[in-house]
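Novice: Next up, coords_22.txt (compact mmCIF, C-alpha atoms).
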```
# COMPACT_ATOMS: atom_id res chain seq x y z
CA MET P 1257 294.85 -139.53 -41.94
CA GLY P 1258 292.34 -136.70 -41.93
CA THR P 1259 290.39 -137.80 -38.86
CA PRO P 1260 288.15 -134.98 -37.63
CA ILE P 1261 288.18 -133.80 -34.02
CA LYS P 1262 285.18 -133.48 -31.75
CA LEU P 1263 284.49 -131.97 -28.33
CA ASP P 1264 284.71 -134.52 -25.54
CA GLY P 1265 282.60 -133.81 -22.50
CA SER P 1266 281.67 -130.40 -21.13
CA ASP P 1267 285.09 -129.18 -20.01
CA GLY P 1268 286.43 -128.29 -23.47
CA ASP P 1269 288.33 -131.50 -24.02
CA ILE P 1270 288.79 -132.61 -27.64
CA LYS P 1271 289.13 -136.05 -29.18
CA GLU P 1272 289.34 -137.71 -32.61
CA PHE P 1273 286.22 -139.27 -34.13
CA THR P 1274 285.78 -143.02 -34.03
CA THR P 1275 284.78 -144.83 -37.23
CA ASN P 1276 281.15 -145.17 -36.10
CA GLU P 1277 281.01 -141.51 -35.06
CA GLU P 1278 282.01 -140.49 -38.60
CA ASN P 1279 278.68 -141.91 -39.80
CA TYR P 1280 277.01 -138.68 -38.76
CA LEU P 1281 279.32 -136.71 -41.07
CA ALA P 1282 278.55 -139.18 -43.90
CA TYR P 1283 274.86 -138.69 -43.22
CA GLN P 1284 275.24 -134.92 -43.60
CA ILE P 1285 277.03 -135.48 -46.92
CA GLY P 1286 274.08 -137.63 -48.02
CA LEU P 1287 271.59 -134.88 -47.18
CA ARG P 1288 273.59 -132.44 -49.31
CA LEU P 1289 273.65 -134.82 -52.26
CA ALA P 1290 269.95 -135.60 -51.85
CA ALA P 1291 269.06 -131.91 -52.09
CA ALA P 1292 271.27 -131.31 -55.15
CA ALA P 1293 269.72 -130.87 -58.60
CA LYS P 1294 270.45 -133.44 -61.30
CA ASN P 1295 272.71 -130.96 -63.14
CA THR P 1296 275.14 -130.60 -60.21
CA PRO P 1297 278.61 -132.21 -60.16
CA GLY P 1298 278.60 -135.93 -59.47
CA SER P 1299 274.86 -136.36 -60.05
CA LEU P 1300 273.23 -138.67 -62.62
CA ASN P 1301 271.58 -136.99 -65.58
CA ASP P 1302 269.64 -137.92 -68.71
CA ILE P 1303 271.22 -134.99 -70.56
CA GLN P 1304 274.85 -134.90 -71.58
CA GLN P 1305 276.10 -131.62 -70.22
CA GLY P 1306 279.57 -130.34 -71.11
CA GLY P 1307 282.13 -133.08 -70.47
CA ALA P 1308 279.61 -135.47 -68.89
CA THR P 1309 280.65 -139.10 -68.76
CA THR P 1310 278.41 -141.71 -70.36
CA VAL P 1311 277.42 -144.15 -67.65
CA GLY P 1312 275.93 -146.60 -70.15
CA THR P 1313 273.21 -147.12 -72.75
CA TYR P 1314 269.91 -148.98 -72.53
CA THR P 1315 268.51 -150.50 -75.75
CA ASP P 1316 264.79 -151.08 -76.20
CA THR P 1317 264.03 -153.74 -78.84
CA SER P 1318 260.56 -154.31 -80.30
CA PHE P 1319 258.89 -155.72 -83.42
CA ASP P 1320 257.07 -153.33 -85.73
CA GLN P 1321 254.23 -155.78 -86.43
CA ALA P 1322 251.38 -157.13 -84.32
CA VAL P 1323 251.12 -160.51 -82.61
CA GLY P 1324 250.32 -163.21 -85.19
CA THR P 1325 252.27 -161.58 -88.03
CA HIS P 1326 253.73 -164.09 -90.51
CA PRO P 1327 255.94 -164.84 -92.39
CA GLU P 1328 259.26 -164.12 -90.77
CA SER P 1329 260.53 -162.32 -93.87
CA GLY P 1330 257.87 -159.66 -93.26
CA ILE P 1331 258.81 -159.01 -89.60
CA THR P 1332 260.99 -155.96 -88.86
CA THR P 1333 262.55 -154.71 -85.63
CA THR P 1334 263.11 -151.26 -84.15
CA THR P 1335 265.74 -150.49 -81.50
CA THR P 1336 265.85 -147.32 -79.40
CA ASN P 1337 268.99 -146.38 -77.47
CA THR P 1338 268.92 -144.19 -74.34
CA SER P 1339 272.08 -143.13 -72.51
CA LEU P 1340 272.63 -142.20 -68.87
CA TYR P 1341 275.26 -139.63 -67.85
CA GLN P 1342 277.11 -138.46 -64.72
CA ASN P 1343 277.99 -134.81 -64.43
CA PRO P 1344 281.57 -133.55 -64.10
CA GLY P 1345 282.72 -130.53 -62.13
CA SER P 1346 283.52 -129.43 -58.58
CA GLY P 1347 281.53 -128.42 -55.55
CA THR P 1348 281.19 -124.81 -54.41
CA GLU P 1349 283.39 -123.99 -51.39
CA THR P 1350 282.94 -120.23 -51.16
CA GLY P 1351 279.78 -120.05 -49.06
CA ASP P 1352 279.71 -118.60 -45.54
CA ASN P 1353 278.98 -122.03 -44.07
CA PHE P 1354 282.07 -123.62 -45.58
CA LYS P 1355 284.55 -124.10 -42.74
CA ARG P 1356 287.52 -126.40 -43.10
CA PRO P 1357 287.56 -128.90 -40.16
CA ILE P 1358 290.59 -129.42 -37.93
CA HIS P 1359 292.46 -132.65 -37.19
CA TRP P 1360 295.36 -133.83 -35.00
CA ASN P 1361 298.48 -133.62 -37.16
CA THR P 1362 301.15 -136.04 -36.02
CA ALA P 1363 303.50 -134.89 -38.77
CA LEU P 1364 304.19 -131.66 -36.89
CA THR P 1365 306.82 -131.36 -34.19
CA PRO P 1366 305.39 -131.44 -31.64
CA ASP P 1367 301.99 -132.90 -32.61
CA ALA P 1368 299.33 -130.23 -32.90
CA ILE P 1369 295.84 -129.49 -34.10
CA GLN P 1370 295.57 -127.99 -37.57
CA GLU P 1371 293.05 -127.20 -40.27
CA MET P 1372 292.96 -130.06 -42.72
CA THR P 1373 295.05 -129.64 -45.82
CA ASN P 1374 293.50 -130.65 -49.14
CA THR P 1375 295.29 -133.99 -48.96
CA ASN P 1376 293.96 -134.76 -45.48
CA PHE P 1377 290.50 -133.40 -46.21
CA ASN P 1378 290.23 -135.46 -49.42
CA ALA P 1379 291.24 -138.62 -47.57
CA CYS P 1380 288.54 -137.92 -44.98
CA ILE P 1381 285.86 -137.28 -47.65
CA ASP P 1382 286.75 -140.42 -49.63
CA ARG P 1383 286.30 -142.48 -46.51
CA LEU P 1384 282.92 -140.87 -45.79
CA LEU P 1385 281.76 -141.34 -49.40
CA SER P 1386 282.45 -145.05 -49.10
CA THR P 1387 280.11 -145.12 -46.10
CA VAL P 1388 277.42 -143.21 -48.03
CA PHE P 1389 277.37 -145.48 -51.07
CA THR P 1390 277.97 -148.77 -49.26
CA ASN P 1391 275.03 -148.22 -46.92
CA ASP P 1392 272.55 -146.48 -49.25
CA TYR P 1393 272.55 -143.16 -47.47
CA PRO P 1394 270.51 -140.22 -48.80
CA GLY P 1395 271.81 -138.98 -52.14
CA THR P 1396 272.35 -142.47 -53.58
CA PHE P 1397 270.57 -143.73 -56.71
CA GLU P 1398 268.59 -146.84 -57.60
CA LEU P 1399 267.30 -148.06 -60.99
CA ALA P 1400 263.80 -149.58 -60.85
CA SER P 1401 260.32 -149.60 -62.41
CA SER P 1402 258.82 -148.45 -59.09
CA ALA P 1403 260.17 -146.71 -56.00
CA PRO P 1404 262.28 -148.98 -53.75
CA SER P 1405 261.37 -149.35 -50.10
CA GLY P 1406 262.49 -146.38 -48.05
CA ASP P 1407 262.23 -142.70 -48.87
CA TYR P 1408 262.98 -142.77 -52.62
CA THR P 1409 261.53 -140.43 -55.21
CA ALA P 1410 262.12 -140.29 -58.95
CA GLU P 1411 265.11 -138.15 -59.90
CA ILE P 1412 264.86 -139.00 -63.63
CA SER P 1413 261.39 -140.30 -64.45
CA ASN P 1414 260.88 -142.91 -67.19
CA ILE P 1415 264.40 -142.63 -68.52
CA PHE P 1416 264.19 -146.14 -70.02
CA THR P 1417 261.09 -147.66 -71.64
CA ASP P 1418 260.63 -151.31 -72.54
CA THR P 1419 257.96 -151.64 -75.26
CA ARG P 1420 256.43 -154.74 -76.85
CA THR P 1421 254.19 -155.43 -79.83
CA ASP P 1422 251.28 -156.50 -77.63
CA GLY P 1423 251.04 -152.94 -76.24
CA THR P 1424 252.84 -153.69 -72.98
CA THR P 1425 255.07 -150.83 -71.77
CA VAL P 1426 257.36 -150.85 -68.72
CA ASN P 1427 259.03 -147.61 -67.65
CA TYR P 1428 262.20 -147.49 -65.58
CA SER P 1429 263.30 -144.47 -63.54
CA ILE P 1430 266.34 -143.35 -61.61
CA PHE P 1431 265.24 -142.98 -57.98
CA LYS P 1432 267.16 -140.99 -55.35
CA ARG P 1433 267.01 -141.62 -51.65
CA ARG P 1434 265.98 -138.51 -49.74
CA THR P 1435 266.07 -139.31 -46.02
CA MET P 1436 266.97 -141.98 -43.49
CA THR P 1437 267.15 -142.40 -39.75
CA ALA P 1438 269.99 -140.18 -38.59
CA PRO P 1439 272.98 -141.76 -36.83
CA THR P 1440 274.05 -140.54 -33.41
CA THR P 1441 274.91 -136.86 -33.61
CA VAL P 1442 278.63 -136.14 -33.36
CA ARG P 1443 279.79 -132.76 -34.71
CA SER P 1444 283.25 -131.80 -35.86
CA ILE P 1445 285.26 -128.74 -34.74
CA ALA P 1446 286.50 -125.82 -36.84
CA ILE P 1447 288.49 -122.66 -36.15
CA LYS P 1448 286.44 -119.69 -34.99
CA ARG P 1449 287.14 -116.38 -36.65
CA ASP P 1450 285.69 -112.99 -35.83
CA ASP P 1451 285.95 -112.04 -39.48
CA GLU P 1452 285.65 -114.93 -41.90
CA SER P 1453 286.83 -112.74 -44.76
CA THR P 1454 290.35 -112.62 -43.22
CA LYS P 1455 290.80 -116.36 -42.80
CA PRO P 1456 293.00 -118.15 -42.20
CA ASP P 1457 294.91 -115.46 -40.29
CA ASN P 1458 292.14 -114.35 -37.92
CA PHE P 1459 291.98 -116.90 -35.05
CA ALA P 1460 289.38 -116.59 -32.27
CA GLY P 1461 289.45 -120.12 -30.85
CA LEU P 1462 287.79 -123.46 -31.64
CA GLN P 1463 284.09 -123.99 -32.15
CA GLU P 1464 281.80 -126.94 -32.80
CA MET P 1465 280.34 -126.75 -36.31
CA THR P 1466 276.60 -126.46 -36.87
CA ASP P 1467 274.73 -129.01 -38.98
CA ALA P 1468 274.39 -126.42 -41.76
CA GLU P 1469 278.16 -125.87 -41.72
CA ILE P 1470 278.88 -129.61 -41.69
CA THR P 1471 276.43 -130.25 -44.54
CA GLU P 1472 277.89 -127.55 -46.78
CA THR P 1473 281.55 -128.13 -45.90
CA PHE P 1474 281.61 -131.90 -46.22
CA GLY P 1475 278.87 -132.04 -48.89
CA GLU P 1476 280.45 -129.65 -51.39
CA ARG P 1477 283.86 -131.28 -51.12
CA ALA P 1478 282.11 -134.66 -51.60
CA LYS P 1479 280.73 -133.51 -55.00
CA THR P 1480 284.27 -132.76 -56.10
CA ARG P 1481 285.63 -136.06 -54.81
CA ILE P 1482 282.95 -138.18 -56.54
CA VAL P 1483 284.31 -136.96 -59.85
CA ALA P 1484 287.98 -137.12 -58.81
CA SER P 1485 288.15 -140.31 -56.70
CA LEU P 1486 285.40 -142.16 -58.65
CA ILE P 1487 283.83 -143.33 -55.38
CA GLY P 1488 280.13 -142.76 -56.02
CA THR P 1489 280.39 -143.08 -59.82
CA TYR P 1490 277.95 -145.33 -61.67
CA GLN P 1491 278.02 -147.71 -64.61
CA LEU P 1492 275.07 -149.20 -66.51
CA ARG P 1493 276.09 -152.67 -67.71
CA SER P 1494 274.30 -155.26 -69.82
CA SER P 1495 274.34 -158.91 -68.78
CA ALA P 1496 276.71 -159.48 -71.68
CA ASP P 1497 279.08 -156.82 -70.25
CA GLY P 1498 278.98 -158.24 -66.74
CA VAL P 1499 280.25 -156.53 -63.59
CA PRO P 1500 282.47 -153.46 -64.19
CA THR P 1501 286.11 -154.34 -64.70
CA ASP P 1502 287.40 -150.95 -63.51
CA SER P 1503 289.30 -150.86 -60.22
CA GLY P 1504 287.36 -150.52 -57.00
CA THR P 1505 284.41 -152.23 -55.38
CA TRP P 1506 281.17 -152.23 -57.42
CA VAL P 1507 277.69 -152.93 -56.03
CA ALA P 1508 274.48 -153.47 -58.02
CA LYS P 1509 271.79 -150.80 -57.62
CA GLY P 1510 268.81 -152.07 -59.61
CA THR P 1511 268.04 -153.47 -63.04
CA ALA P 1512 266.05 -152.72 -66.20
CA THR P 1513 265.00 -155.42 -68.67
CA ASP P 1514 264.53 -155.23 -72.42
CA THR P 1515 261.89 -157.69 -73.65
CA ARG P 1516 260.01 -158.31 -76.89
CA GLN P 1517 257.50 -160.82 -78.26
CA GLU P 1518 258.77 -164.30 -78.99
CA LYS P 1519 258.85 -165.81 -82.48
CA GLY P 1520 257.95 -169.42 -83.13
CA ASP P 1521 256.11 -171.98 -85.25
CA VAL P 1522 252.32 -172.09 -85.14
CA ASP P 1523 250.15 -175.10 -86.14
CA TYR P 1524 247.17 -174.03 -88.27
CA THR P 1525 244.28 -176.59 -88.26
CA ARG P 1526 241.47 -174.73 -90.02
CA ASN P 1527 239.55 -176.51 -92.81
CA SER P 1528 238.90 -175.07 -96.26
CA THR P 1529 235.33 -173.92 -96.76
CA ILE P 1530 235.57 -173.33 -100.52
CA THR P 1531 235.19 -175.70 -103.46
CA SER P 1532 237.90 -175.76 -106.08
CA VAL P 1533 236.56 -174.99 -109.55
CA ASP P 1534 239.80 -175.39 -111.46
CA SER P 1535 240.18 -177.98 -114.24
CA PHE P 1536 242.69 -180.79 -113.91
CA ALA P 1537 244.67 -180.90 -117.14
CA GLY P 1538 247.44 -183.34 -116.25
CA ASP P 1539 247.78 -187.08 -116.71
CA TYR P 1540 245.52 -189.11 -114.47
CA THR P 1541 247.36 -192.29 -113.43
CA GLY P 1542 245.02 -193.74 -110.79
CA ASP P 1543 242.14 -196.18 -111.09
CA PHE P 1544 238.82 -194.52 -111.82
CA THR P 1545 236.15 -196.29 -109.74
CA GLY P 1546 233.25 -193.84 -109.82
CA ASN P 1547 230.41 -193.24 -112.27
CA TYR P 1548 231.53 -191.67 -115.48
CA VAL P 1549 228.97 -189.08 -116.57
CA GLY P 1550 230.88 -187.14 -119.23
CA GLU P 1551 231.32 -187.72 -122.94
CA TYR P 1552 233.96 -190.29 -123.73
CA ALA P 1553 235.79 -189.20 -126.88
CA GLN P 1554 238.79 -191.56 -126.88
CA ASP P 1555 239.36 -194.94 -128.46
CA PHE P 1556 238.03 -197.87 -126.47
CA VAL P 1557 240.67 -200.60 -126.32
CA GLY P 1558 239.15 -202.95 -123.71
CA ASP P 1559 236.79 -205.92 -124.04
CA PHE P 1560 233.10 -205.03 -123.95
CA THR P 1561 231.20 -207.70 -122.02
CA GLY P 1562 228.02 -205.88 -121.00
CA ASN P 1563 224.57 -205.52 -122.52
CA PHE P 1564 224.07 -203.22 -125.48
CA SER P 1565 220.72 -201.43 -125.33
CA GLY P 1566 221.19 -198.57 -127.81
CA ASN P 1567 220.33 -198.11 -131.49
CA TYR P 1568 222.72 -199.52 -134.05
CA ILE P 1569 222.34 -197.39 -137.20
CA GLY P 1570 225.50 -198.14 -139.15
CA ALA P 1571 226.27 -200.67 -141.93
CA LYS P 1572 228.03 -203.98 -141.37
CA SER P 1573 229.24 -206.86 -143.43
CA TYR P 1574 228.47 -210.30 -142.22
CA LEU P 1575 231.04 -212.66 -143.64
CA GLY P 1576 229.51 -215.82 -142.37
CA GLY P 1577 230.87 -218.17 -139.86
CA ASP P 1578 229.66 -220.34 -137.18
CA THR P 1579 227.26 -217.98 -135.40
CA THR P 1580 224.37 -218.55 -133.11
CA TYR P 1581 221.91 -215.66 -132.73
CA THR P 1582 219.73 -216.08 -129.67
CA GLY P 1583 218.21 -212.60 -129.37
CA ILE P 1584 214.64 -211.63 -130.05
CA SER P 1585 213.80 -208.98 -132.65
CA THR P 1586 210.93 -206.70 -131.79
CA ARG P 1587 210.64 -204.97 -135.13
CA THR P 1588 208.81 -205.71 -138.35
CA SER P 1589 211.04 -206.86 -141.14
CA LEU P 1590 211.12 -204.44 -144.10
CA GLY P 1591 212.84 -206.82 -146.48
CA PRO P 1592 213.83 -210.38 -146.92
CA ASP P 1593 213.88 -212.18 -143.58
CA ALA P 1594 216.84 -214.32 -144.35
CA PHE P 1595 220.46 -213.34 -144.34
CA ILE P 1596 222.23 -214.40 -147.48
CA GLU P 1597 225.75 -215.55 -146.90
CA GLY P 1598 228.24 -213.19 -148.46
CA GLN P 1599 225.70 -210.37 -148.93
CA THR P 1600 225.65 -206.99 -147.20
CA ASN P 1601 222.40 -206.18 -145.43
CA ASP P 1602 221.30 -202.96 -143.68
CA TYR P 1603 219.71 -203.53 -140.33
CA LEU P 1604 217.51 -200.61 -139.26
CA GLY P 1605 215.69 -201.97 -136.25
CA ASN P 1606 216.31 -201.92 -132.49
CA PHE P 1607 218.41 -204.73 -131.17
CA THR P 1608 217.54 -205.65 -127.58
CA GLY P 1609 218.87 -209.19 -127.16
CA ASN P 1610 222.15 -210.78 -126.18
CA TYR P 1611 224.62 -211.53 -128.93
CA VAL P 1612 226.93 -214.32 -127.79
CA GLY P 1613 228.40 -215.72 -130.97
CA PRO P 1614 231.66 -214.82 -132.70
CA ILE P 1615 231.60 -212.38 -135.59
CA ASP P 1616 234.11 -210.51 -137.70
CA TYR P 1617 233.17 -206.85 -137.70
CA VAL P 1618 234.84 -204.86 -140.48
CA GLY P 1619 232.35 -202.11 -141.06
CA ILE P 1620 232.09 -198.52 -139.81
CA ALA P 1621 229.72 -197.64 -136.98
CA ASP P 1622 228.78 -194.45 -135.16
CA TYR P 1623 228.19 -195.14 -131.53
CA ALA P 1624 226.18 -192.33 -129.95
CA SER P 1625 224.56 -193.92 -126.93
CA THR P 1626 225.40 -193.32 -123.27
CA SER P 1627 226.80 -196.12 -121.16
CA THR P 1628 224.93 -196.52 -117.88
CA ARG P 1629 227.08 -199.23 -116.30
CA ASN P 1630 230.22 -199.06 -114.13
CA SER P 1631 233.44 -199.70 -116.00
CA THR P 1632 235.86 -202.01 -114.20
CA ASP P 1633 238.69 -201.50 -116.66
CA THR P 1634 241.79 -199.42 -116.07
CA PHE P 1635 241.81 -196.10 -117.90
CA THR P 1636 245.24 -195.53 -119.52
CA GLY P 1637 244.57 -192.57 -121.82
CA ASN P 1638 244.52 -188.78 -121.32
CA TYR P 1639 241.55 -187.57 -119.36
CA SER P 1640 240.49 -184.09 -120.50
CA SER P 1641 236.99 -183.70 -119.08
CA THR P 1642 236.05 -181.79 -115.92
CA SER P 1643 235.44 -184.00 -112.89
CA THR P 1644 232.43 -183.02 -110.79
CA ARG P 1645 233.03 -185.50 -107.98
CA ASN P 1646 235.47 -185.55 -105.04
CA SER P 1647 238.61 -187.53 -105.90
CA THR P 1648 240.01 -189.79 -103.16
CA ASP P 1649 243.18 -190.64 -105.07
CA ASP P 1650 246.63 -189.15 -104.43
CA PHE P 1651 247.61 -186.43 -106.85
CA VAL P 1652 251.09 -187.16 -108.23
CA GLY P 1653 251.34 -184.59 -111.03
CA ASN P 1654 252.05 -180.85 -111.14
CA TYR P 1655 249.22 -178.54 -110.12
CA GLY P 1656 249.54 -175.25 -111.97
CA GLN P 1657 246.56 -173.25 -110.70
CA ASP P 1658 246.50 -170.52 -108.05
CA TYR P 1659 245.29 -171.71 -104.64
CA VAL P 1660 242.90 -169.20 -103.05
CA GLY P 1661 241.38 -171.25 -100.22
CA ASP P 1662 242.47 -172.13 -96.68
CA TYR P 1663 245.62 -174.24 -96.44
CA VAL P 1664 245.30 -177.26 -94.13
CA GLY P 1665 248.81 -178.70 -94.47
CA ASP P 1666 252.01 -177.86 -92.58
CA TYR P 1667 252.54 -174.09 -92.24
CA THR P 1668 256.24 -173.32 -91.77
CA GLY P 1669 258.13 -170.20 -90.68
CA SER P 1670 258.20 -168.01 -87.56
CA THR P 1671 255.21 -166.03 -86.30
CA ILE P 1672 255.09 -163.26 -83.66
CA LEU P 1673 253.68 -164.94 -80.55
CA ALA P 1674 251.74 -163.53 -77.60
CA THR P 1675 254.44 -164.60 -75.14
CA ASN P 1676 257.51 -162.47 -74.53
CA GLU P 1677 261.22 -163.16 -74.09
CA THR P 1678 264.05 -161.28 -72.38
CA ILE P 1679 266.51 -159.79 -74.84
CA GLU P 1680 268.84 -158.13 -72.32
CA THR P 1681 269.04 -157.16 -68.66
CA TYR P 1682 270.81 -153.96 -67.64
CA THR P 1683 272.23 -153.45 -64.14
CA LEU P 1684 273.20 -150.15 -62.55
CA TYR P 1685 276.42 -150.45 -60.52
CA VAL P 1686 277.98 -147.93 -58.13
CA ARG P 1687 281.57 -147.81 -56.97
CA THR P 1688 281.65 -147.91 -53.17
CA ALA P 1689 285.41 -147.95 -52.53
```
What is this file in C-alpha cells?

Specialist:
Amino acid sequence: MGTPIKLDGSDGDIKEFTTNEENYLAYQIGLRLAAAAKNTPGSLNDIQQGGATTVGTYTDTSFDQAVGTHPESGITTTTTNTSLYQNPGSGTETGDNFKRPIHWNTALTPDAIQEMTNTNFNACIDRLLSTVFTNDYPGTFELASSAPSGDYTAEISNIFTDTRTDGTTVNYSIFKRRTMTAPTTVRSIAIKRDDESTKPDNFAGLQEMTDAEITETFGERAKTRIVASLIGTYQLRSSADGVPTDSGTWVAKGTATDTRQEKGDVDYTRNSTITSVDSFAGDYTGDFTGNYVGEYAQDFVGDFTGNFSGNYIGAKSYLGGDTTYTGISTRTSLGPDAFIEGQTNDYLGNFTGNYVGPIDYVGIADYASTSTRNSTDTFTGNYSSTSTRNSTDDFVGNYGQDYVGDYVGDYTGSTILATNETIETYTLYVRTA
C-alpha cells in the first residue's frame, strides 16, 4: 500500500519503487529532519513547549562535602533533575514544493494511477520513517558525552551534567546526524499542473519530482507521522526502568551515567603528639612497680623490712622484753646511758643501725622522711596523687576528661572517598517500527 511510482527508462514508462529504491526517499526525509530546528514537530527539545511529551528525566546525584569528610551523619546529598521533551504538532504542507506523489491503485476498477490518499501516503511515510531510524539516517539523535562517529553535531549541548565532589564534571549532549552517503537516486512522480493553485483539478500530465519537492513533501508529512505513528519517538530510561515496554521496536541510542564519590571506612594510623596533663582520679587496681616520688599520705599496712635512715623524733615506751640491740650509736649521750626497765626515755639522737629484735611499740611517732627504696608490696588504697610517669598498665575504670589529642584506635563510620561509583545509567531509546 502506498508504493510510489518512478519513471522507468527513457520512453516514459513508469514502475513502482522497490524496497531498496525507497531508501532515497527516506534519505530525503532525513535531510529535512536534520535541517529542522529543535522547536519543530517531532524534534527533541530541552524546553517543554505547549503539549510536549516528557521523554524522560536524568538525575544528577552528588555529595555536598569534599573528599575525606566524616562522619556519615554530617554528609548531605544534592540531586538535580533534568527532563528531555519531544515536540508535538504537524508538518507544514502548504509550500509550493509540496506535491502529493502518485501510486498504482489496485482498488480501482480498472487499476489506475492516482494521487496518494492520506491513508496511502501515511502508510508510505511510516515505512520510510522505519528506514530512517533503523539505519541512523540524517535527522536521528544520539545521547553521548562527545560526538559519535559520522557527521553528528550537538543539537542540545550539555543537557545533562554529572557532577562529583572531587570536581569532576561530565556533560552529555543530544547530537543530531546531519549528513550521510546518499543512496542511489530514484525520484518519485507527481501530477503536473499548469496552475498549482487550482489543484487537484488542473491536470497537465506526470512529472518526476525534484529533490527539493521530494524533501519538502515527504519530510513535512514525516514530522506529522512521528507524532501520530510514534515511529521516531524517544524515551530516556534508567537501568532500573529497563527497555521501554510500549508497543513497537525500540533501539538504544546512547547513554548517560550518574556517578558520585563512594563512601567507606578509612583506617587512621597517626600517632598522638601531645602529652596528657589530666589527673587520674579513679581507683587504681594494678600493681605499681615504678619509683614513687610523691608524698604518701595514707596508712601503711604492710611489713617494713628495709633500712631506716631518717631521724626519729617522737616518744616511745619500751616495755622490756627479750631484745638484742646490735646497732651503733653515733651521738653523745645527754643523760643516763642505761635504759631502766619500765621507764620512759626520750631518744633525741640519730639512729643509723639495724634493729633486728622484737619490740612492742605503743607510742606516737611523726614520720617525715622520704623513702628512697622500691616498694614491692601491692597498693590497695586510693591513689590521689598526680603520676608523672608513663603507665604501662591497662586502664579499667571510667575516664571522665575531654580527649583533645589524636585518636589512634579504631575509627568507625563512613567517609567520602576519592573513588567514584555509578548511581544510575540512563539510556536513550528510539522506536524504529

Novice: Compare P:Tyr1314, P:Tyr1283, P:Phe1273, P:Tyr1685 by their minimum atom-to-atom distance to P:Asn1391, counting only C-alpha atoms, and give me the closest one.

Specialist: P:Tyr1283

Novice: So which one's closest to P:Phe1389, P:Thr1419, P:Thr1259, P:Asn1676, P:Thr1505? Using only C-alpha atoms, please.

Specialist: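 Checking each candidate against P:Phe1389, we get P:Thr1505 as the closest.
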
Novice: Please identify all polymer residues within 8 Å of P:Gly1504, counting all atoms listed in the file, omitting same-chain residues fewer than 5 positions from it, and present them as an mmCIF file with C-alpha atoms, in the frame of the given file.

Specialist:
```
data_model
loop_
_atom_site.group_PDB
_atom_site.id
_atom_site.type_symbol
_atom_site.label_atom_id
_atom_site.label_comp_id
_atom_site.auth_asym_id
_atom_site.auth_seq_id
_atom_site.Cartn_x
_atom_site.Cartn_y
_atom_site.Cartn_z
ATOM 1 C CA ARG P 1687 281.570 -147.810 -56.970
ATOM 2 C CA THR P 1688 281.650 -147.910 -53.170
ATOM 3 C CA ALA P 1689 285.410 -147.950 -52.530
#
```

Novice: Please identify all polymer residues within 7 Å of P:Ser1495, counting all atoms listed in the file, omitting same-chain residues fewer than 3 positions from it, and present them as a CSV table (one decimal) with C-alpha atoms, in the frame of the given file.

Specialist:
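File produced: part-v1.csv:
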```
chain,number,residue,atom,x,y,z
P,1498,GLY,CA,279.0,-158.2,-66.7
P,1680,GLU,CA,268.8,-158.1,-72.3
P,1681,THR,CA,269.0,-157.2,-68.7
P,1682,TYR,CA,270.8,-154.0,-67.6
```

Novice: Mind checking which residues fall within 7 Å of P:Gly1475, counting all atoms listed in the file, ignoring those fewer than 2 positions away in the same chain, and posting them as number ranges by chain?

Specialist: P: 1285, 1288-1289, 1471-1473, 1477-1479

Novice: For the residues in the current selection, export C-alpha atoms as a compact mmCIF listing (two decimals), in the coordinates of the input.

Specialist:
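Output saved as part-v4.txt:
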```txt
# COMPACT_ATOMS: atom_id res chain seq x y z
CA ILE P 1285 277.03 -135.48 -46.92
CA ARG P 1288 273.59 -132.44 -49.31
CA LEU P 1289 273.65 -134.82 -52.26
CA THR P 1471 276.43 -130.25 -44.54
CA GLU P 1472 277.89 -127.55 -46.78
CA THR P 1473 281.55 -128.13 -45.90
CA ARG P 1477 283.86 -131.28 -51.12
CA ALA P 1478 282.11 -134.66 -51.60
CA LYS P 1479 280.73 -133.51 -55.00
```

Novice: Env of stretch 1343-1347 of chain P: 7 Å cut, atoms = all atoms listed in the file, seq-sep filter 3 positions within chain, self excluded. Answer as an MDAnalysis selection string.

Specialist: chainID P and resid 1295:1301 1305 1307:1309 1476:1477 1479:1480 1483

Novice: Mind pulling up the distance from atom CA of P:Pro1260 to atom CA of P:Arg1449?

Specialist: 18.7 Å

Novice: With all atoms listed in the file as the atoms that count, which of P:Asp1418, P:Glu1398, P:Asp1467, P:Glu1349 lies nearest to P:Arg1433?

Specialist: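 Answer, going by the shortest atom-to-atom distance: P:Glu1398.
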
Novice: Between P:Ala1438, P:Ala1293, P:Ala1322, P:Ile1412, which is the closest to P:Asn1279 once you count all atoms listed in the file?

Specialist: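 Among the listed residues, the smallest separation from P:Asn1279 belongs to P:Ala1438.
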
Novice: Some atoms are absent from stretch 1382-1389 of chain P, so rebuild N, CA and C atoms and return them as a CSV table (one decimal), keeping the file's coordinate frame.

Specialist:
```csv
chain,number,residue,atom,x,y,z
P,1382,ASP,N,286.8,-139.1,-48.9
P,1382,ASP,CA,286.8,-140.4,-49.6
P,1382,ASP,C,286.3,-141.5,-48.7
P,1383,ARG,N,286.7,-141.5,-47.5
P,1383,ARG,CA,286.3,-142.5,-46.5
P,1383,ARG,C,284.8,-142.3,-46.2
P,1384,LEU,N,284.3,-141.1,-46.1
P,1384,LEU,CA,282.9,-140.9,-45.8
P,1384,LEU,C,282.0,-141.2,-47.0
P,1385,LEU,N,282.5,-141.0,-48.2
P,1385,LEU,CA,281.8,-141.3,-49.4
P,1385,LEU,C,281.6,-142.9,-49.5
P,1386,SER,N,282.6,-143.6,-49.1
P,1386,SER,CA,282.4,-145.0,-49.1
P,1386,SER,C,281.3,-145.5,-48.2
P,1387,THR,N,281.2,-144.8,-47.0
P,1387,THR,CA,280.1,-145.1,-46.1
P,1387,THR,C,278.8,-144.8,-46.7
P,1388,VAL,N,278.7,-143.7,-47.4
P,1388,VAL,CA,277.4,-143.2,-48.0
P,1388,VAL,C,276.9,-144.2,-49.0
P,1389,PHE,N,277.8,-144.6,-50.0
P,1389,PHE,CA,277.4,-145.5,-51.1
P,1389,PHE,C,277.3,-147.0,-50.7
```
